[in-house]
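> Quick one: this structure, given as structure tokens, is what I'll be asking you about.
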Amino acid sequence: MAGPPLGRGEAPGAGARIVPGTQLRPGMAAARTGAAPMPRDLALGAAELRGILRVVEDCERASSLASFRELALDGMARHLGYRHSAFFLGSSIETAFQDARPTGRGLALRLAGPYMERYRELEALSNPESLRSVRERGLATLDDLGVPDRPEVRMRLERFLRAHGIHAKLLVRLFGPSNVGALISLLDSRPGAFGPRDRAVGAVLGRHLGNLLRFYIRTDPGPSVAGRLSARERDVVRLVAEGRSNRQVAEALCISIDTVKHHLTHALVATGCTNRTQLAIAWQRETSAFAPPSPPRP
């Protein structure tokens with residue numbers, strides 16, 4: 001039986017319960033979350049709501065943070081038809097794309113290696129101005145990325161993506177802990193593949209998967225950090241966890257970039273972390289950034 005295309009609709013608030021068949025009033029999401037209202041002619045259909053609900057249910061079965069990332073992408077492919085995706089995790093939105101081991105599916109798996117090699121050249125993804133839409137609205141398409149007074153920046157990104165068969169991109173922010181940057185990148189080989197309804201579904205997923213992300217970050221044991229590092233290594237890791245680059249860490253501590261790299265390499269080996277993102281998250285967890293709230297006093 002034919003139905004509306006999957007991946008469409010308007011976003012409810014973060015705490016709203018998704019009930020298949022519910023038609024949301026225009027502006028309801030904006031009233032609850034402070035986000036920009038969706039177009040007035042959009043509402044989530046039953047098929048889209050069922051798909052979103054099933055993605056969330058799949059993710060609730062995760063046994064760890066790593067498992068959550070895998071199940072999120074698998075669920076979006078199975079229930080919403082988004083088969084080409086990547087899940088980036090960092091200590092901030094700006095540093096999320098520095099995730100050395102993003103979880104990927106489809107085209108994103110082929111793109112990950114070349115992307116990481118050329119990350120610093122793709123200013124459209126690392127420039128803070130380019131990510132304003134992601135921070136404020138939780139969403140950004142390829143058209144939203146770039147530096148307004150430097151159109152050549154986005155042109156380089158587009159050429160890079162097209163060389164790997166990608167002609168459309170939608171970034172979805174997961175609204176998790178404030179000191180964690182979590183982004184899901186949806187890719188498609190068709191130009192203009194992501195329309196207003198895809199953005200609406202992305203807004204829903206960003207809120208609900210963000211809530212689950214909070215839980216898995218709090219409960220994921222992660223490797224021990226502080227007790228295994230020297231005082232100088234702790235200084236380096238602390239600044240990395242704040243989202244600073246190697247150069248910024250070197251300037252703050254008055255040491256060379258090579259020394260920063262040396263301390264980071266030792267910290268990774270000592271803690272068992274596989275990349276700087278995992279190291280930053282483990283550090284923040286141990287310093288109570290991810291500690292669950294204290295119980296209310298009687």
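Numbering starts fresh at 1 for the residues of each chain in the structure tokens, the chains themselves are lettered A, B, ... in the order given, and ligands are numbered from 1 as they appear.
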If DSSP is run on the backbone, what residues of stretch 159-280 of chain A are alpha helix (DSSP H)? A reply as a VMD selection string would be ideal.
chain A and resid 159 to 163 196 to 219 231 to 241 246 to 253 257 to 271 276 to 280
> As JSON, numbers by chain, which residues of stretch 40-189 of chain A does DSSP assign to strand (DSSP E)?
{"A": [85, 86, 87, 88, 89, 90, 103, 104, 105, 139, 140, 141, 168, 169, 170, 171, 172, 173, 181, 182, 183, 184, 185, 186, 187, 188]}
> Would you give me, as a tab-separated table, each residue of stretch 159-273 of chain A having an atom within 10 Å of an atom of stretch 133-140 of chain A, along with its shortest atom pair and that distance in Å to one decimal, using only C-alpha atoms and sorting by chain and residue number?

residue	atom	partner	partner_atom	distance
A:Lys169	CA	A:Ala140	CA	8.3
A:Leu170	CA	A:Ala140	CA	5.8
A:Leu171	CA	A:Ala140	CA	5.1
A:Val172	CA	A:Leu139	CA	4.9
A:Arg173	CA	A:Gly138	CA	4.7
A:Leu174	CA	A:Gly138	CA	7.3
A:Phe175	CA	A:Gly138	CA	7.7
A:Gly181	CA	A:Arg135	CA	9.5
A:Leu183	CA	A:Val134	CA	8.8
A:Ile184	CA	A:Leu139	CA	9.7
A:Ser185	CA	A:Ala140	CA	9.5
A:Arg199	CA	A:Leu139	CA	6.9
A:Ala200	CA	A:Leu139	CA	9.1
A:Gly202	CA	A:Leu139	CA	7.2
A:Ala203	CA	A:Gly138	CA	6.5
A:Val204	CA	A:Gly138	CA	9.8
A:Gly206	CA	A:Gly138	CA	7.0
A:Arg207	CA	A:Gly138	CA	8.8
> Distance atom CA of A:Val237-atom CA of A:Arg276, one decimal place?
8.6 Å
> So that I can see what lies close to A:Arg54, please list as a PDB file with N, CA and C atoms, in the first residue's frame the residues with an atom at most 8 Å from it, counting only C-alpha atoms and leaving out residues fewer than 4 positions away in the same chain.

ATOM      1  N   ARG A  50       5.848   6.061  12.942  1.00  0.00           N
ATOM      2  CA  ARG A  50       6.187   4.677  13.258  1.00  0.00           C
ATOM      3  C   ARG A  50       7.680   4.423  13.043  1.00  0.00           C
ATOM      4  N   ASP A  58      14.831   0.621  18.867  1.00  0.00           N
ATOM      5  CA  ASP A  58      16.055  -0.135  18.581  1.00  0.00           C
ATOM      6  C   ASP A  58      17.209   0.374  19.425  1.00  0.00           C
ATOM      7  N   GLY A  75      19.034   1.543  12.515  1.00  0.00           N
ATOM      8  CA  GLY A  75      17.608   1.824  12.616  1.00  0.00           C
ATOM      9  C   GLY A  75      17.152   2.853  11.603  1.00  0.00           C
ATOM     10  N   HIS A  79      14.284   1.634   9.103  1.00  0.00           N
ATOM     11  CA  HIS A  79      12.930   2.149   9.318  1.00  0.00           C
ATOM     12  C   HIS A  79      12.627   3.459   8.594  1.00  0.00           C
TER      13      HIS A  79
END
> In Å to one decimal, how far is atom CA of A:Ser91 from atom CA of A:Phe215?
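Rounded to one decimal, the two atoms are 16.2 Å apart.
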> Measuring between only C-alpha atoms, which one of A:Ile52, A:Leu65, A:Val225, A:Cys273 shows the shortest distance to A:Glu286?
A:Val225
> Nearest to A:Leu111 among A:Glu57, A:Met155, A:Ser92, A:Leu187, with distances taken over only C-alpha atoms: which residue is it?
A:Leu187
> Applying 12 Å and only C-alpha atoms, which residues near A:Thr265 remain after dropping the ones on its own chain fewer than 3 positions away? List them as a list of chain:residue names.
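The residues satisfying every condition are A:Leu229, A:Glu233, A:Val236, A:Val237, A:Asp258, A:Thr259, A:Val260, A:Lys261, A:His262, A:Leu268, A:Val269, A:Ala270, A:Thr271, A:Gly272, A:Cys273, A:Thr274, A:Asn275, A:Arg276, A:Leu279.
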> Dump N, CA and C atoms for the selected residues as a PDB file, in the first residue's frame?

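Output saved as selection28.pdb:
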ATOM      1  N   LEU A 229      47.851   9.131  34.262  1.00  0.00           N
ATOM      2  CA  LEU A 229      48.592  10.162  33.541  1.00  0.00           C
ATOM      3  C   LEU A 229      49.465  10.984  34.479  1.00  0.00           C
ATOM      4  N   GLU A 233      50.570  15.463  31.352  1.00  0.00           N
ATOM      5  CA  GLU A 233      49.630  14.771  30.454  1.00  0.00           C
ATOM      6  C   GLU A 233      48.196  15.111  30.814  1.00  0.00           C
ATOM      7  N   VAL A 236      47.392  18.439  29.280  1.00  0.00           N
ATOM      8  CA  VAL A 236      47.149  18.322  27.836  1.00  0.00           C
ATOM      9  C   VAL A 236      45.767  17.741  27.569  1.00  0.00           C
ATOM     10  N   VAL A 237      45.434  16.657  28.248  1.00  0.00           N
ATOM     11  CA  VAL A 237      44.149  15.997  28.023  1.00  0.00           C
ATOM     12  C   VAL A 237      43.002  16.917  28.418  1.00  0.00           C
ATOM     13  N   ASP A 258      54.914  19.155  18.811  1.00  0.00           N
ATOM     14  CA  ASP A 258      55.425  17.778  18.876  1.00  0.00           C
ATOM     15  C   ASP A 258      55.339  17.228  20.293  1.00  0.00           C
ATOM     16  N   THR A 259      55.573  18.094  21.288  1.00  0.00           N
ATOM     17  CA  THR A 259      55.466  17.648  22.683  1.00  0.00           C
ATOM     18  C   THR A 259      54.015  17.320  23.029  1.00  0.00           C
ATOM     19  N   VAL A 260      53.093  18.127  22.511  1.00  0.00           N
ATOM     20  CA  VAL A 260      51.664  17.845  22.719  1.00  0.00           C
ATOM     21  C   VAL A 260      51.321  16.484  22.127  1.00  0.00           C
ATOM     22  N   LYS A 261      51.771  16.238  20.919  1.00  0.00           N
ATOM     23  CA  LYS A 261      51.492  14.951  20.271  1.00  0.00           C
ATOM     24  C   LYS A 261      52.095  13.796  21.069  1.00  0.00           C
ATOM     25  N   HIS A 262      53.285  14.002  21.596  1.00  0.00           N
ATOM     26  CA  HIS A 262      53.927  12.965  22.400  1.00  0.00           C
ATOM     27  C   HIS A 262      53.098  12.656  23.641  1.00  0.00           C
ATOM     28  N   LEU A 268      46.931   8.056  25.251  1.00  0.00           N
ATOM     29  CA  LEU A 268      46.099   7.060  24.571  1.00  0.00           C
ATOM     30  C   LEU A 268      46.531   5.646  24.945  1.00  0.00           C
ATOM     31  N   VAL A 269      47.832   5.419  24.939  1.00  0.00           N
ATOM     32  CA  VAL A 269      48.351   4.092  25.284  1.00  0.00           C
ATOM     33  C   VAL A 269      48.066   3.770  26.747  1.00  0.00           C
ATOM     34  N   ALA A 270      48.282   4.740  27.618  1.00  0.00           N
ATOM     35  CA  ALA A 270      48.126   4.509  29.052  1.00  0.00           C
ATOM     36  C   ALA A 270      46.678   4.234  29.449  1.00  0.00           C
ATOM     37  N   THR A 271      45.746   4.872  28.768  1.00  0.00           N
ATOM     38  CA  THR A 271      44.335   4.747  29.146  1.00  0.00           C
ATOM     39  C   THR A 271      43.589   3.696  28.341  1.00  0.00           C
ATOM     40  N   GLY A 272      44.154   3.263  27.214  1.00  0.00           N
ATOM     41  CA  GLY A 272      43.455   2.299  26.369  1.00  0.00           C
ATOM     42  C   GLY A 272      42.450   2.935  25.448  1.00  0.00           C
ATOM     43  N   CYS A 273      42.441   4.273  25.382  1.00  0.00           N
ATOM     44  CA  CYS A 273      41.546   4.965  24.450  1.00  0.00           C
ATOM     45  C   CYS A 273      42.072   4.789  23.027  1.00  0.00           C
ATOM     46  N   THR A 274      41.163   4.772  22.064  1.00  0.00           N
ATOM     47  CA  THR A 274      41.567   4.547  20.676  1.00  0.00           C
ATOM     48  C   THR A 274      41.738   5.838  19.890  1.00  0.00           C
ATOM     49  N   ASN A 275      41.218   6.957  20.394  1.00  0.00           N
ATOM     50  CA  ASN A 275      41.356   8.239  19.697  1.00  0.00           C
ATOM     51  C   ASN A 275      41.131   9.372  20.685  1.00  0.00           C
ATOM     52  N   ARG A 276      41.420  10.598  20.254  1.00  0.00           N
ATOM     53  CA  ARG A 276      41.331  11.740  21.159  1.00  0.00           C
ATOM     54  C   ARG A 276      39.899  12.023  21.594  1.00  0.00           C
ATOM     55  N   LEU A 279      39.211   9.747  24.447  1.00  0.00           N
ATOM     56  CA  LEU A 279      40.009  10.243  25.569  1.00  0.00           C
ATOM     57  C   LEU A 279      39.342  11.459  26.212  1.00  0.00           C
TER      58      LEU A 279
END
> Rounded to one decimal in Å, what is the spacing between atom CA of A:Glu48 and atom CA of A:Gly195?
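Atom-to-atom, atom CA of A:Glu48 and atom CA of A:Gly195 are spaced 14.2 Å apart.
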